[in-house]
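Okay, target03.txt now, which holds compact mmCIF, C-alpha atoms and all ligand atoms:
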```txt
# COMPACT_ATOMS: atom_id res chain seq x y z
CA MET A 1 21.79 5.75 15.25
CA LEU A 2 19.01 7.73 13.63
CA VAL A 3 15.42 6.72 14.33
CA ASP A 4 14.08 6.72 10.80
CA LEU A 5 10.30 7.12 10.80
CA ARG A 6 10.06 8.51 7.26
CA SER A 7 8.73 5.27 5.81
CA ASP A 8 8.60 1.50 6.27
CA THR A 9 10.41 1.23 2.92
CA VAL A 10 13.70 1.99 4.72
CA THR A 11 13.69 -1.49 6.30
CA ARG A 12 16.72 -3.61 5.46
CA PRO A 13 16.66 -7.32 4.65
CA THR A 14 17.25 -9.72 7.54
CA PRO A 15 20.24 -12.12 7.61
CA GLU A 16 17.79 -14.95 6.80
CA MET A 17 16.63 -13.05 3.70
CA ARG A 18 20.20 -12.50 2.58
CA ARG A 19 20.95 -16.20 2.99
CA ALA A 20 17.84 -17.15 1.01
CA MET A 21 18.88 -14.68 -1.70
CA ALA A 22 22.35 -16.20 -1.91
CA GLU A 23 20.95 -19.72 -2.19
CA ALA A 24 17.91 -19.03 -4.38
CA GLU A 25 17.19 -21.39 -7.22
CA VAL A 26 16.76 -19.20 -10.30
CA GLY A 27 15.91 -19.25 -14.00
CA ASP A 28 14.82 -16.80 -16.68
CA ASP A 29 11.52 -15.43 -15.44
CA ASP A 30 10.60 -14.06 -18.89
CA TYR A 31 10.29 -17.73 -19.87
CA GLY A 32 8.43 -18.45 -16.64
CA GLU A 33 11.39 -20.58 -15.57
CA ASP A 34 12.37 -19.05 -12.27
CA PRO A 35 11.11 -21.52 -9.63
CA THR A 36 11.53 -19.04 -6.78
CA VAL A 37 9.51 -16.35 -8.57
CA ASN A 38 6.87 -18.94 -9.45
CA LEU A 39 6.62 -20.03 -5.83
CA LEU A 40 6.29 -16.45 -4.64
CA GLN A 41 3.56 -15.73 -7.20
CA ASP A 42 1.65 -18.89 -6.27
CA THR A 43 2.07 -18.20 -2.57
CA TYR A 44 0.62 -14.70 -2.88
CA ALA A 45 -2.22 -15.85 -5.14
CA GLU A 46 -3.16 -18.50 -2.60
CA LEU A 47 -2.92 -16.06 0.31
CA THR A 48 -5.28 -13.65 -1.43
CA GLY A 49 -7.60 -16.31 -2.84
CA LYS A 50 -6.88 -15.46 -6.48
CA GLU A 51 -6.03 -17.70 -9.43
CA ALA A 52 -2.63 -16.31 -10.32
CA GLY A 53 0.08 -13.91 -9.18
CA LEU A 54 2.67 -11.69 -10.84
CA PHE A 55 5.93 -10.46 -9.31
CA VAL A 56 6.74 -6.86 -10.22
CA PRO A 57 9.60 -4.52 -9.24
CA SER A 58 7.44 -2.04 -7.30
CA GLY A 59 4.02 -1.33 -5.89
CA THR A 60 3.64 1.48 -8.37
CA MET A 61 4.17 -0.93 -11.24
CA ALA A 62 1.64 -3.34 -9.73
CA ASN A 63 -0.94 -0.55 -9.71
CA GLN A 64 0.00 0.53 -13.22
CA VAL A 65 -0.24 -2.91 -14.84
CA ALA A 66 -3.55 -3.45 -13.00
CA LEU A 67 -4.89 -0.18 -14.41
CA ARG A 68 -3.83 -1.23 -17.90
CA ALA A 69 -5.26 -4.72 -17.61
CA LEU A 70 -8.60 -3.57 -16.17
CA THR A 71 -9.34 -0.45 -18.23
CA ARG A 72 -9.08 0.97 -21.74
CA PRO A 73 -7.67 4.41 -22.60
CA GLY A 74 -10.36 7.02 -22.07
CA ASP A 75 -12.07 5.14 -19.23
CA ALA A 76 -12.69 6.68 -15.84
CA VAL A 77 -11.45 5.16 -12.57
CA ILE A 78 -13.09 6.00 -9.25
CA ALA A 79 -10.63 6.33 -6.38
CA GLY A 80 -10.10 8.14 -3.10
CA ALA A 81 -8.65 11.62 -3.58
CA ARG A 82 -5.55 10.83 -1.51
CA GLN A 83 -4.90 7.28 -2.68
CA HIS A 84 -1.40 6.38 -3.80
CA VAL A 85 -2.50 5.54 -7.34
CA VAL A 86 -3.99 9.04 -7.66
CA VAL A 87 -1.43 11.34 -6.03
CA TYR A 88 1.83 9.53 -5.32
CA GLU A 89 2.68 7.98 -8.70
CA GLU A 90 3.77 11.10 -10.58
CA GLY A 91 0.72 11.09 -12.81
CA ALA A 92 1.46 7.55 -14.03
CA GLY A 93 -2.15 6.38 -14.39
CA PRO A 94 -3.16 8.95 -17.01
CA ILE A 95 0.16 8.44 -18.82
CA ASN A 96 0.34 4.64 -18.76
CA ALA A 97 -3.30 3.69 -18.94
CA GLY A 98 -4.88 6.85 -20.43
CA VAL A 99 -7.44 6.93 -17.64
CA THR A 100 -9.13 9.81 -15.86
CA PHE A 101 -9.51 9.60 -12.09
CA LEU A 102 -12.87 10.52 -10.63
CA THR A 103 -11.89 11.19 -7.04
CA VAL A 104 -14.14 11.00 -4.02
CA ARG A 105 -13.29 11.99 -0.46
CA ASP A 106 -11.35 9.43 1.56
CA ASP A 107 -10.87 11.33 4.83
CA ARG A 108 -11.13 8.16 6.94
CA GLY A 109 -9.76 5.81 4.32
CA GLY A 110 -13.01 4.42 2.96
CA LEU A 111 -14.98 5.87 0.07
CA ASP A 112 -18.32 7.60 0.53
CA ILE A 113 -20.63 5.10 -1.15
CA GLU A 114 -23.10 7.76 -2.31
CA ALA A 115 -20.29 9.73 -3.95
CA VAL A 116 -19.14 6.55 -5.69
CA GLU A 117 -22.69 5.96 -6.92
CA ARG A 118 -22.90 9.51 -8.28
CA ALA A 119 -19.53 9.11 -10.00
CA ILE A 120 -20.70 5.89 -11.67
CA ASP A 121 -23.88 7.64 -12.78
CA SER A 122 -21.89 10.47 -14.38
CA SER A 123 -21.27 8.35 -17.50
CA ARG A 124 -24.97 8.64 -18.31
CA HIS A 125 -24.43 12.38 -18.56
CA HIS A 126 -21.85 12.73 -21.32
CA GLN A 127 -18.91 11.78 -19.09
CA PRO A 128 -16.39 8.94 -19.50
CA VAL A 129 -17.52 5.45 -18.61
CA VAL A 130 -16.34 4.10 -15.26
CA THR A 131 -14.76 0.66 -15.57
CA LEU A 132 -12.79 0.44 -12.34
CA ILE A 133 -12.95 1.38 -8.67
CA ALA A 134 -9.61 1.48 -6.87
CA VAL A 135 -9.53 1.05 -3.09
CA GLU A 136 -6.55 1.24 -0.74
CA ASP A 137 -6.26 -0.97 2.37
CA SER A 138 -4.70 0.08 4.63
CA HIS A 139 -5.23 3.67 3.50
CA MET A 140 -1.91 5.42 3.88
CA ALA A 141 -2.77 9.13 3.78
CA SER A 142 -5.42 8.93 6.50
CA GLY A 143 -2.92 7.33 8.89
CA GLY A 144 -2.88 3.68 7.84
CA THR A 145 -6.64 3.36 8.29
CA VAL A 146 -8.11 -0.09 7.86
CA TRP A 147 -11.31 -0.25 5.81
CA GLU A 148 -14.40 -1.48 7.64
CA THR A 149 -15.38 -4.81 6.16
CA GLY A 150 -18.91 -3.54 5.55
CA ALA A 151 -17.61 -0.56 3.58
CA LEU A 152 -15.51 -2.83 1.36
CA THR A 153 -18.50 -5.09 0.74
CA ALA A 154 -20.69 -2.11 -0.12
CA VAL A 155 -18.22 -0.90 -2.75
CA ALA A 156 -17.90 -4.40 -4.17
CA GLU A 157 -21.67 -4.85 -4.37
CA LEU A 158 -22.08 -1.55 -6.14
CA ALA A 159 -19.25 -2.42 -8.53
CA GLY A 160 -20.77 -5.84 -9.20
CA ARG A 161 -24.16 -4.36 -9.97
CA HIS A 162 -22.57 -2.09 -12.60
CA GLN A 163 -20.08 -4.69 -13.84
CA ILE A 164 -17.17 -2.56 -12.73
CA ALA A 165 -13.91 -4.15 -11.62
CA VAL A 166 -12.31 -3.43 -8.23
CA HIS A 167 -8.56 -3.11 -7.77
CA MET A 168 -7.25 -3.20 -4.23
CA ASP A 169 -4.02 -1.35 -3.58
CA GLY A 170 -3.07 -3.50 -0.63
CA ALA A 171 0.48 -2.22 -0.38
CA ARG A 172 0.01 -2.74 3.37
CA LEU A 173 -2.68 -5.40 3.28
CA TRP A 174 -0.55 -7.48 5.63
CA ASN A 175 -0.87 -4.71 8.19
CA SER A 176 -4.66 -4.63 7.77
CA SER A 177 -4.83 -8.37 8.09
CA VAL A 178 -2.80 -8.40 11.31
CA ALA A 179 -4.75 -5.44 12.73
CA THR A 180 -8.15 -7.02 12.08
CA GLY A 181 -7.31 -10.68 12.55
CA GLN A 182 -8.85 -11.32 9.14
CA THR A 183 -6.99 -13.24 6.47
CA MET A 184 -5.62 -11.57 3.36
CA LYS A 185 -8.15 -13.63 1.43
CA GLU A 186 -11.06 -12.35 3.48
CA ARG A 187 -10.00 -8.73 3.00
CA ALA A 188 -9.16 -9.07 -0.69
CA GLY A 189 -12.27 -11.12 -1.48
CA VAL A 190 -14.06 -8.00 -2.74
CA ALA A 191 -11.35 -7.20 -5.27
CA THR A 192 -10.84 -8.39 -8.84
CA THR A 193 -7.12 -7.73 -8.49
CA VAL A 194 -5.03 -7.03 -5.41
CA MET A 195 -1.42 -6.04 -4.91
CA SER A 196 0.88 -5.93 -1.89
CA CYS A 197 4.39 -4.65 -1.25
CA LEU A 198 7.09 -6.97 0.08
CA SER A 199 9.48 -4.06 0.52
CA LYS A 200 7.62 -2.15 3.24
CA GLY A 201 6.76 -3.49 6.68
CA LEU A 202 7.80 -7.03 5.76
CA GLY A 203 11.34 -5.82 5.13
CA ALA A 204 12.18 -7.45 1.79
CA PRO A 205 14.56 -5.31 -0.27
CA VAL A 206 12.60 -5.16 -3.54
CA GLY A 207 9.30 -6.11 -5.07
CA SER A 208 5.54 -6.29 -4.99
CA VAL A 209 3.05 -8.94 -6.06
CA LEU A 210 -0.21 -8.59 -7.99
CA ALA A 211 -2.89 -11.29 -8.00
CA GLY A 212 -6.16 -11.85 -9.84
CA PRO A 213 -7.94 -14.02 -12.38
CA ALA A 214 -5.52 -16.02 -14.57
CA ASP A 215 -6.49 -14.29 -17.84
CA LEU A 216 -6.05 -10.83 -16.33
CA ILE A 217 -2.67 -11.76 -14.86
CA GLU A 218 -1.58 -13.01 -18.32
CA GLU A 219 -2.50 -9.59 -19.66
CA ALA A 220 -0.81 -7.85 -16.75
CA LYS A 221 2.34 -9.75 -17.69
CA LEU A 222 2.29 -8.15 -21.16
CA HIS A 223 1.88 -4.74 -19.61
CA ARG A 224 4.73 -5.43 -17.20
CA LYS A 225 6.89 -6.12 -20.26
CA ARG A 226 5.72 -2.96 -21.99
CA LEU A 227 6.64 -0.94 -18.92
CA GLY A 228 10.08 -2.53 -18.82
CA GLY A 229 9.37 -4.53 -15.69
CA THR A 230 10.20 -8.01 -16.94
CA MET A 231 13.12 -9.36 -14.94
CA ARG A 232 15.34 -12.38 -15.52
CA GLN A 233 16.85 -14.29 -12.55
CA ALA A 234 14.48 -12.42 -10.28
CA GLY A 235 14.41 -15.38 -7.89
CA VAL A 236 17.31 -13.67 -6.13
CA ILE A 237 14.93 -10.99 -4.88
CA ALA A 238 11.79 -13.14 -4.81
CA ALA A 239 13.59 -15.38 -2.29
CA ALA A 240 13.68 -12.50 0.18
CA GLY A 241 9.98 -11.94 -0.44
CA LEU A 242 9.21 -15.54 0.47
CA VAL A 243 11.16 -15.23 3.72
CA ALA A 244 9.30 -11.97 4.40
CA ILE A 245 5.91 -13.65 3.97
CA GLY A 246 7.00 -16.69 5.94
CA THR A 247 8.58 -14.96 8.93
CA ARG A 248 7.81 -11.25 9.13
CA VAL A 249 4.03 -10.91 9.15
CA ASP A 250 3.07 -11.56 12.79
CA ARG A 251 5.63 -9.08 14.10
CA LEU A 252 3.75 -6.24 12.36
CA ALA A 253 1.61 -6.13 15.54
CA GLU A 254 4.65 -4.60 17.30
CA ASP A 255 4.80 -1.81 14.71
CA HIS A 256 1.12 -1.15 15.29
CA SER A 257 1.41 -0.79 19.06
CA ARG A 258 4.45 1.45 18.63
CA ALA A 259 2.50 3.65 16.22
CA ARG A 260 -0.21 4.02 18.86
CA LYS A 261 2.46 5.17 21.32
CA LEU A 262 3.64 7.79 18.82
CA ALA A 263 0.03 8.85 18.23
CA ALA A 264 -0.44 9.40 21.96
CA ALA A 265 2.71 11.55 22.06
CA VAL A 266 1.50 13.59 19.09
CA THR A 267 -1.91 14.13 20.71
CA ASP A 268 -0.30 15.11 24.04
CA ARG A 269 1.79 17.73 22.29
CA TRP A 270 -0.83 18.92 19.75
CA PRO A 271 -4.37 18.05 20.89
CA GLN A 272 -5.72 19.72 17.74
CA ALA A 273 -3.53 17.85 15.26
CA GLY A 274 -6.31 15.57 14.12
CA VAL A 275 -4.96 12.37 15.65
CA ASP A 276 -7.02 10.01 17.77
CA PRO A 277 -4.69 7.32 19.14
CA GLU A 278 -7.71 5.02 19.48
CA THR A 279 -8.14 4.94 15.73
CA VAL A 280 -4.48 4.29 14.92
CA SER A 281 -4.68 0.61 14.09
CA THR A 282 -1.65 0.00 11.89
CA ASN A 283 1.85 1.46 11.53
CA ILE A 284 1.24 5.03 10.35
CA VAL A 285 0.56 8.28 12.18
CA VAL A 286 -0.43 11.30 10.13
CA PHE A 287 -1.04 14.71 11.69
CA PHE A 288 -1.58 18.31 10.74
CA HIS A 289 0.84 21.08 11.67
CA PRO A 290 0.92 24.65 10.33
CA ASP A 291 4.69 24.52 9.80
CA PRO A 292 5.93 20.94 9.32
CA ASP A 293 9.51 22.01 8.53
CA VAL A 294 9.91 23.35 12.07
CA VAL A 295 8.78 20.00 13.47
CA LEU A 296 10.97 17.97 11.11
CA ASP A 297 14.04 20.09 11.92
CA HIS A 298 13.43 19.75 15.65
CA LEU A 299 13.01 15.98 15.38
CA LYS A 300 16.10 15.69 13.24
CA GLY A 301 18.07 17.57 15.88
CA ALA A 302 17.02 14.80 18.28
CA GLY A 303 18.06 12.08 15.85
CA VAL A 304 14.57 11.32 14.60
CA LEU A 305 13.59 11.46 10.93
CA ALA A 306 10.00 12.13 9.87
CA GLY A 307 8.45 13.22 6.59
CA THR A 308 5.56 15.08 5.01
CA ILE A 309 2.96 13.69 2.61
CA GLY A 310 1.17 16.92 1.74
CA PRO A 311 1.13 20.60 2.66
CA GLY A 312 0.91 20.82 6.46
CA VAL A 313 0.76 17.05 6.87
CA VAL A 314 3.45 15.19 8.84
CA ARG A 315 3.84 11.40 8.69
CA LEU A 316 5.52 8.96 11.08
CA VAL A 317 5.82 5.30 10.08
CA THR A 318 6.90 2.47 12.38
CA HIS A 319 8.68 -0.62 11.10
CA SER A 320 11.02 -3.46 12.03
CA ASP A 321 14.16 -1.32 12.05
CA VAL A 322 12.85 0.86 14.90
CA ASP A 323 12.58 -0.66 18.38
CA ASP A 324 11.04 0.48 21.66
CA SER A 325 14.00 2.66 22.63
CA GLY A 326 13.78 4.41 19.24
CA ILE A 327 10.08 5.04 19.79
CA ASP A 328 10.80 6.39 23.29
CA ARG A 329 13.34 8.77 21.80
CA ALA A 330 10.80 9.90 19.19
CA CYS A 331 8.13 10.41 21.88
CA ARG A 332 10.50 12.56 23.96
CA ALA A 333 11.40 14.61 20.89
CA LEU A 334 7.72 15.10 20.07
CA ALA A 335 7.02 16.23 23.64
CA SER A 336 9.61 19.02 23.37
CA ALA A 337 8.73 20.04 19.80
CA PRO A 338 8.03 23.72 19.13
C1 LIG B 1 4.29 2.43 -1.26
C2 LIG B 1 2.93 2.35 -1.83
C3 LIG B 1 2.73 2.02 -3.17
C4 LIG B 1 3.85 1.90 -4.16
O1 LIG B 1 4.88 1.07 -3.83
P1 LIG B 1 6.38 1.36 -4.41
O2 LIG B 1 7.01 0.04 -4.27
O3 LIG B 1 6.94 2.43 -3.55
O4 LIG B 1 6.23 1.78 -5.83
C5 LIG B 1 1.44 1.92 -3.61
N1 LIG B 1 0.39 2.11 -2.79
C6 LIG B 1 0.54 2.43 -1.49
C7 LIG B 1 -0.66 2.61 -0.63
C8 LIG B 1 1.82 2.58 -0.98
O5 LIG B 1 1.95 2.93 0.30
```
Take the structure in this file and express it as structure tokens.
Ligand SMILES: *Cc1c(COP(=O)(O)O)cnc(C)c1O
Amino acid sequence: MLVDLRSDTVTRPTPEMRRAMAEAEVGDDDYGEDPTVNLLQDTYAELTGKEAGLFVPSGTMANQVALRALTRPGDAVIAGARQHVVVYEEGAGPINAGVTFLTVRDDRGGLDIEAVERAIDSSRHHQPVVTLIAVEDSHMASGGTVWETGALTAVAELAGRHQIAVHMDGARLWNSSVATGQTMKERAGVATTVMSCLSKGLGAPVGSVLAGPADLIEEAKLHRKRLGGTMRQAGVIAAAGLVAIGTRVDRLAEDHSRARKLAAAVTDRWPQAGVDPETVSTNIVVFFHPDPDVVLDHLKGAGVLAGTIGPGVVRLVTHSDVDDSGIDRACRALASAP
């Protein structure tokens, strides 16, 4: 069997999820009548300490409806240059919400607070007004980096002072929570809205959840409809999400220790690849290589799939469908890579 380290989205639903899906109580969610969807939304809202939740088909849609609910066309949004909402959504933000991104460096995941302050100040100098700061925790492109709590608080304080909203792309907030021992609520406390993916490390087949103040979630629901994301008997998939939240969170720690093993193998083979195994705290290893295709082909020859997320940037992601023997195979393949 292939060891698929391309992404944690390749995870397949567990037998328990499939049973829950088969037995899910459902209704028409456009009427708010799907009890399983309602339970999932309430569960996520409670976990993140927000008033209300909204089930959406994808993490991208969660980010998009948040952008639309929190900004007006023409506004500027401050975000890290390599955040998902900026570079991995096919230009959706400017199309769907009419916003401009003011990007600041996010080399280690967090945002340089002085750069954020300068970006906010730019609106006093004939530039678009900033109404939102988007943060990403864990930060995928820097290798699943977990934000320091102090850095999150600093961004939130700055945003509060300027009456700017904060959206947290917490696609892998569960990973951050497990890695830090902090609750989802503690980590998302700084954010106006927060979203997380059920279909990544937790292994549910489909779906993400957005949470925030009740009035904003009402508005997000309209935007979900406008984007074609309103679903009907969505309890069938929400049921898997509930099982994911109920049974698949603690095991993320295994993915994290396996990622550290991969990081050590990468560093052994390429000491200059920009990876410090000590700092790999979640399930992603990202490293630089002058010719990623050569590495990917070699790994594939050994039955290991990896991917790229930018020019010269290789990514390995651990997840529930890869076990210790798969990681050992990947480490051996890395050791003999050209
Ligand atoms: C995967 C991901 C998303 C989007 O989720 P999809 O369900 O793939 O649309 C958003 N943000 C981050 C950080 C992600 O890793």
For A:Glu278, list every protein, DNA or RNA residue within 9 Å, evaluated using only C-alpha atoms, and leave out those in the same chain fewer than 2 positions away; present the list as a list in words. Arg260, Ala263, Ala264, Val275, Asp276, Val280 and Ser281 of chain A
Please compute the atom CA of A:Phe101-atom CA of A:His139 distance, one decimal, in Å. 17.2 Å
Between A:Ala171, A:Val317, A:Val243, A:Ile95, which residue has the minimum interatomic distance to A:Pro205, considering only C-alpha atoms?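 Once distances to A:Pro205 are computed over only C-alpha atoms, the minimum belongs to A:Val243.
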Could you report the residues within 6 Å of ligand LIG 1 (chain B), using only C-alpha atoms and all ligand atoms, as a count of residues only? 7
Write out as number ranges by chain the residues lying within 7 Å of A:Ala220, counting all atoms listed in the file and excluding same-chain residues fewer than 6 positions away. A: 65-66, 69
If we draw a sphere of 9 Å around (9.9, -19.1, -7.2), which residues have at least one atom in it when counting only C-alpha atoms? Please report them as JSON, numbers by chain. {"A": [24, 25, 26, 33, 34, 35, 36, 37, 38, 39, 40, 41, 42, 234, 235, 238, 239, 242]}
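The smallest atom-to-atom distance between A:Asp28 and any of A:Val322, A:Thr230, A:Lys221, A:Val135, using only C-alpha atoms, is found for A:Thr230.
Here atom CA of A:Gln272 stands at a distance of 22.3 Å from atom CA of A:Val146.
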